[in-house]
>>> print(open('start.txt').read())   # compact mmCIF, C-alpha atoms
# COMPACT_ATOMS: atom_id res chain seq x y z
CA MET K 284 175.32 4.58 201.23
CA TYR K 285 176.82 3.01 198.30
CA ALA K 286 179.61 1.68 200.57
CA ILE K 287 177.08 -0.02 202.78
CA PHE K 288 175.56 -1.74 199.80
CA VAL K 289 178.91 -2.94 198.53
CA ALA K 290 180.02 -4.24 201.96
CA ALA K 291 176.80 -6.06 202.41
CA GLU K 292 177.08 -7.76 199.09
CA GLY K 293 180.47 -9.15 199.80
CA GLY K 294 179.67 -12.47 201.29
CA THR K 295 176.37 -13.82 200.15
CA GLU K 296 174.48 -14.22 197.00
CA HIS K 297 171.51 -11.96 196.63
CA ASN K 298 168.07 -13.01 195.45
CA PRO K 299 166.94 -10.61 192.69
CA ILE K 300 163.22 -10.99 193.51
CA ILE K 301 163.51 -9.81 197.10
CA PRO K 302 164.84 -6.25 197.43
CA LEU K 303 167.43 -5.33 199.95
CA TRP K 304 166.22 -3.80 203.18
CA GLN K 305 168.30 -0.68 202.58
CA GLU K 306 166.52 -0.07 199.27
CA ILE K 307 163.17 -0.49 200.97
CA VAL K 308 164.08 2.10 203.62
CA VAL K 309 165.43 4.62 201.06
CA GLY K 310 162.41 4.05 198.78
CA SER K 311 159.99 4.46 201.67
CA ILE K 312 161.65 7.71 202.79
CA ALA K 313 161.62 9.03 199.21
CA PHE K 314 157.95 8.01 198.82
CA ALA K 315 157.07 9.68 202.13
CA ILE K 316 158.82 12.91 201.04
CA LEU K 317 157.06 12.75 197.65
CA CYS K 318 153.65 12.17 199.30
CA PHE K 319 154.28 15.01 201.75
CA MET K 320 155.19 17.39 198.91
CA LEU K 321 152.16 16.33 196.85
CA MET K 322 149.77 16.73 199.81
CA LYS K 323 151.29 19.97 201.00
CA TYR K 324 151.68 21.83 197.68
CA VAL K 325 150.25 20.05 194.62
CA PHE K 326 146.89 18.67 195.85
CA PRO K 327 145.74 22.01 197.38
CA ARG K 328 146.61 23.75 194.11
CA MET K 329 144.75 21.10 192.15
CA GLU K 330 141.77 21.45 194.51
CA GLN K 331 141.80 25.24 194.08
CA THR K 332 141.94 24.90 190.28
CA PHE K 333 139.14 22.31 190.33
CA GLN K 334 136.99 24.50 192.61
CA ALA K 335 137.67 27.54 190.39
CA ARG K 336 136.51 25.57 187.36
CA VAL K 337 133.41 24.33 189.19
CA ASP K 338 132.64 27.90 190.30
CA ALA K 339 133.17 29.19 186.77
CA ILE K 340 130.90 26.53 185.29
CA GLU K 341 128.21 26.99 187.95
CA GLY K 342 128.52 30.78 187.67
CA GLY K 343 128.23 30.50 183.90
CA ILE K 344 125.12 28.37 184.29
CA LYS K 345 123.66 30.82 186.79
CA ARG K 346 124.49 33.75 184.52
CA ALA K 347 122.94 31.91 181.58
CA GLU K 348 119.79 31.20 183.63
CA ALA K 349 119.64 34.84 184.74
CA ALA K 350 120.11 36.01 181.14
CA GLN K 351 117.41 33.58 180.02
CA ALA K 352 115.04 34.84 182.73
CA GLU K 353 115.77 38.46 181.77
CA ALA K 354 115.23 37.63 178.09
CA ASN K 355 111.90 35.97 178.93
CA GLN K 356 110.89 38.99 181.00
CA LEU K 357 111.81 41.37 178.16
CA LEU K 358 109.91 39.17 175.71
CA GLU K 359 106.80 39.38 177.90
CA GLN K 360 107.21 43.15 178.17
CA TYR K 361 107.51 43.44 174.40
CA ARG K 362 104.45 41.26 173.94
CA ALA K 363 102.51 43.40 176.43
CA GLN K 364 103.66 46.58 174.66
CA LEU K 365 102.71 45.09 171.29
CA ALA K 366 99.26 44.16 172.59
CA GLU K 367 98.87 47.65 174.06
CA ALA K 368 99.98 49.20 170.77
CA ARG K 369 97.44 47.08 168.90
CA THR K 370 94.73 48.14 171.33
CA ASP K 371 95.74 51.79 170.94
CA ALA K 372 95.77 51.45 167.16
CA ALA K 373 92.29 49.90 167.21
CA LYS K 374 91.06 52.70 169.49
CA ILE K 375 92.59 55.36 167.23
CA ARG K 376 91.03 53.67 164.19
CA ASP K 377 87.61 53.56 165.91
CA ASP K 378 87.95 57.20 166.98
CA ALA K 379 88.87 58.17 163.42
CA ARG K 380 85.83 56.31 162.10
CA ALA K 381 83.61 58.03 164.67
CA ASP K 382 85.13 61.41 163.79
CA ALA K 383 84.63 60.72 160.08
CA GLU K 384 81.01 59.77 160.72
CA GLY K 385 80.53 62.95 162.77
CA ILE K 386 82.08 65.05 160.01
CA ARG K 387 79.90 63.26 157.46
CA GLN K 388 76.79 63.98 159.52
CA ASP K 389 77.84 67.63 159.92
CA VAL K 390 78.42 67.98 156.19
CA LEU K 391 75.06 66.35 155.44
CA ALA K 392 73.32 68.62 157.97
CA LYS K 393 74.97 71.69 156.46
CA ALA K 394 74.03 70.51 152.97
CA ARG K 395 70.41 70.01 154.09
CA GLU K 396 70.38 73.45 155.69
CA GLU K 397 71.83 74.99 152.54
CA SER K 398 69.32 73.08 150.41
CA ASP K 399 66.45 74.21 152.64
CA ARG K 400 67.73 77.79 152.50
CA ILE K 401 67.98 77.67 148.70
CA ILE K 402 64.50 76.15 148.45
CA ALA K 403 63.07 78.79 150.80
CA ALA K 404 64.79 81.55 148.83
CA GLY K 405 63.40 80.04 145.61
CA LYS K 406 59.90 79.89 147.09
CA GLU K 407 60.17 83.49 148.26
CA GLN K 408 61.38 84.54 144.83
CA LEU K 409 58.56 82.59 143.19
CA ALA K 410 56.02 84.19 145.54
CA ALA K 411 57.40 87.64 144.76
CA GLU K 412 57.32 86.94 141.04
CA ARG K 413 53.81 85.52 141.36
CA ALA K 414 52.67 88.63 143.21
CA THR K 415 54.28 90.81 140.54
CA ILE K 416 52.66 88.79 137.76
CA VAL K 417 49.28 88.87 139.51
CA ARG K 418 49.57 92.67 139.87
CA GLU K 419 50.49 93.03 136.23
CA LEU K 420 47.68 90.69 135.19
CA ARG K 421 45.18 92.60 137.33
CA THR K 422 46.25 95.81 135.72
CA GLU K 423 46.01 94.31 132.22
CA VAL K 424 42.74 92.50 132.96
CA GLY K 425 41.39 95.69 134.50
CA THR K 426 42.34 97.71 131.44
CA ILE K 427 40.84 95.12 129.12
CA ALA K 428 37.72 94.85 131.27
CA VAL K 429 37.24 98.63 131.31
CA ASP K 430 37.66 98.76 127.54
CA LEU K 431 35.16 95.95 127.10
CA ALA K 432 32.74 97.41 129.58
CA SER K 433 33.01 100.80 127.87
CA ARG K 434 32.12 99.25 124.57
CA ILE K 435 29.28 97.17 126.03
CA VAL K 436 27.76 99.90 128.16
CA GLY K 437 28.42 102.54 125.63
CA GLU K 438 29.68 105.11 128.07
CA SER K 439 33.20 106.13 128.71
CA LEU K 440 34.76 104.75 131.83
CA ALA K 441 37.77 106.91 131.48
CA ASP K 442 37.41 108.35 134.87
CA GLU K 443 40.26 106.82 136.88
CA ALA K 444 38.46 106.48 140.19
CA ARG K 445 35.50 104.92 138.59
CA ARG K 446 37.59 102.66 136.44
CA LYS K 447 39.67 101.47 139.39
CA GLY K 448 36.55 100.66 141.39
CA THR K 449 34.99 98.84 138.44
CA VAL K 450 38.11 96.81 137.80
CA GLU K 451 38.52 95.87 141.47
CA ARG K 452 34.85 94.91 141.68
CA PHE K 453 35.15 92.84 138.51
CA LEU K 454 38.23 90.98 139.73
CA THR K 455 36.70 90.39 143.16
CA ASP K 456 33.57 89.02 141.49
CA LEU K 457 35.71 86.71 139.37
CA GLU K 458 37.62 85.43 142.40
CA SER K 459 34.45 84.87 144.42
CA VAL K 460 32.72 83.09 141.58
CA GLY K 461 35.80 80.86 141.05
CA ALA K 462 36.10 80.13 144.80
CA GLY K 463 32.36 79.60 145.31
CA ASN K 464 31.89 77.07 142.51
CA GLY K 465 35.25 75.42 142.86
CA SER K 466 35.68 76.19 139.23
CA PRO K 467 39.06 77.63 138.37
CA ASN K 468 37.90 79.34 135.21
CA GLY K 469 35.05 81.22 136.90
CA SER K 470 32.47 80.03 134.38
CA ALA K 471 29.50 80.86 136.60
CA VAL K 472 27.69 84.00 135.64
CA ARG K 473 26.73 86.46 138.27
CA THR K 474 23.52 88.34 137.91
CA SER K 475 23.13 91.65 139.64
>>> encode(input="start.txt", output="structure tokens")
Amino acid sequence: MYAIFVAAEGGTEHNPIIPLWQEIVVGSIAFAILCFMLMKYVFPRMEQTFQARVDAIEGGIKRAEAAQAEANQLLEQYRAQLAEARTDAAKIRDDARADAEGIRQDVLAKAREESDRIIAAGKEQLAAERATIVRELRTEVGTIAVDLASRIVGESLADEARRKGTVERFLTDLESVGAGNGSPNGSAVRTS
């Protein structure tokens, strides 16, 4: 081609602003080959790379949204579990208070029963001691009364059967006189 350019230049002066037609043809063919190569090989590769980046970005956004949704769901589950745990703790605390109150009432009831039992045992013991003391006093009062009566009457009341009857009669008279007058000391005198 170079020979064509040299032969063509031989006779005339060339204008540097206007290119030669041979250069335009060669440039156009080279441009067409370059455009074909770019469209056939480079642009599809660039499109694939661009699409891969778009997919990666959109996939990353979708994954981030899914992770955010899962995190929100887990947060709600934890909050629900925490609320349930608080409710359970309150229920356990209330049950413990109720149990403590029940135990307290049981202990108080047992203490009352024990107190009542001790008081009843004390009353029974007092009644037994009172009966013993009354028996001893009757015996002593009877002996003293027989001695006094023997001295007053002037006869011996040594006879046991007679003495026992006299003592019993004397004590019965004292009780009836005390009960009849409402006087505890039995100051009323009985005449027979």
>>> axis_aligned_box(input="start.txt", around="region 319-325 of chain K", padding_each_side="3 Å", output="lines of an AutoDock Vina configuration file")
center_x = 152.5
center_y = 18.4
center_z = 198.2
size_x = 11.4
size_y = 12.8
size_z = 13.1
>>> atom_distance(input="start.txt", atom1="CA of Ala352 (chain K)", atom2="CA of Phe333 (chain K)")
28.2 Å
>>> atom_distance(input="start.txt", atom1="CA of Ala315 (chain K)", atom2="CA of Ala335 (chain K)")
28.9 Å
>>> atom_distance(input="start.txt", atom1="CA of Val309 (chain K)", atom2="CA of Val325 (chain K)")
22.6 Å
>>> closest_atom_pairs(input="start.txt", of="region 356-432 of chain K", to="region 452-461 of chain K", cutoff="9 Å", atoms="only C-alpha atoms", output="JSON lines")
{"residue": "K:Arg421", "atom": "CA", "partner": "K:Leu454", "partner_atom": "CA", "distance": 7.5}
{"residue": "K:Val424", "atom": "CA", "partner": "K:Leu454", "partner_atom": "CA", "distance": 8.3}
{"residue": "K:Gly425", "atom": "CA", "partner": "K:Leu454", "partner_atom": "CA", "distance": 7.7}
{"residue": "K:Ala428", "atom": "CA", "partner": "K:Phe453", "partner_atom": "CA", "distance": 7.9}
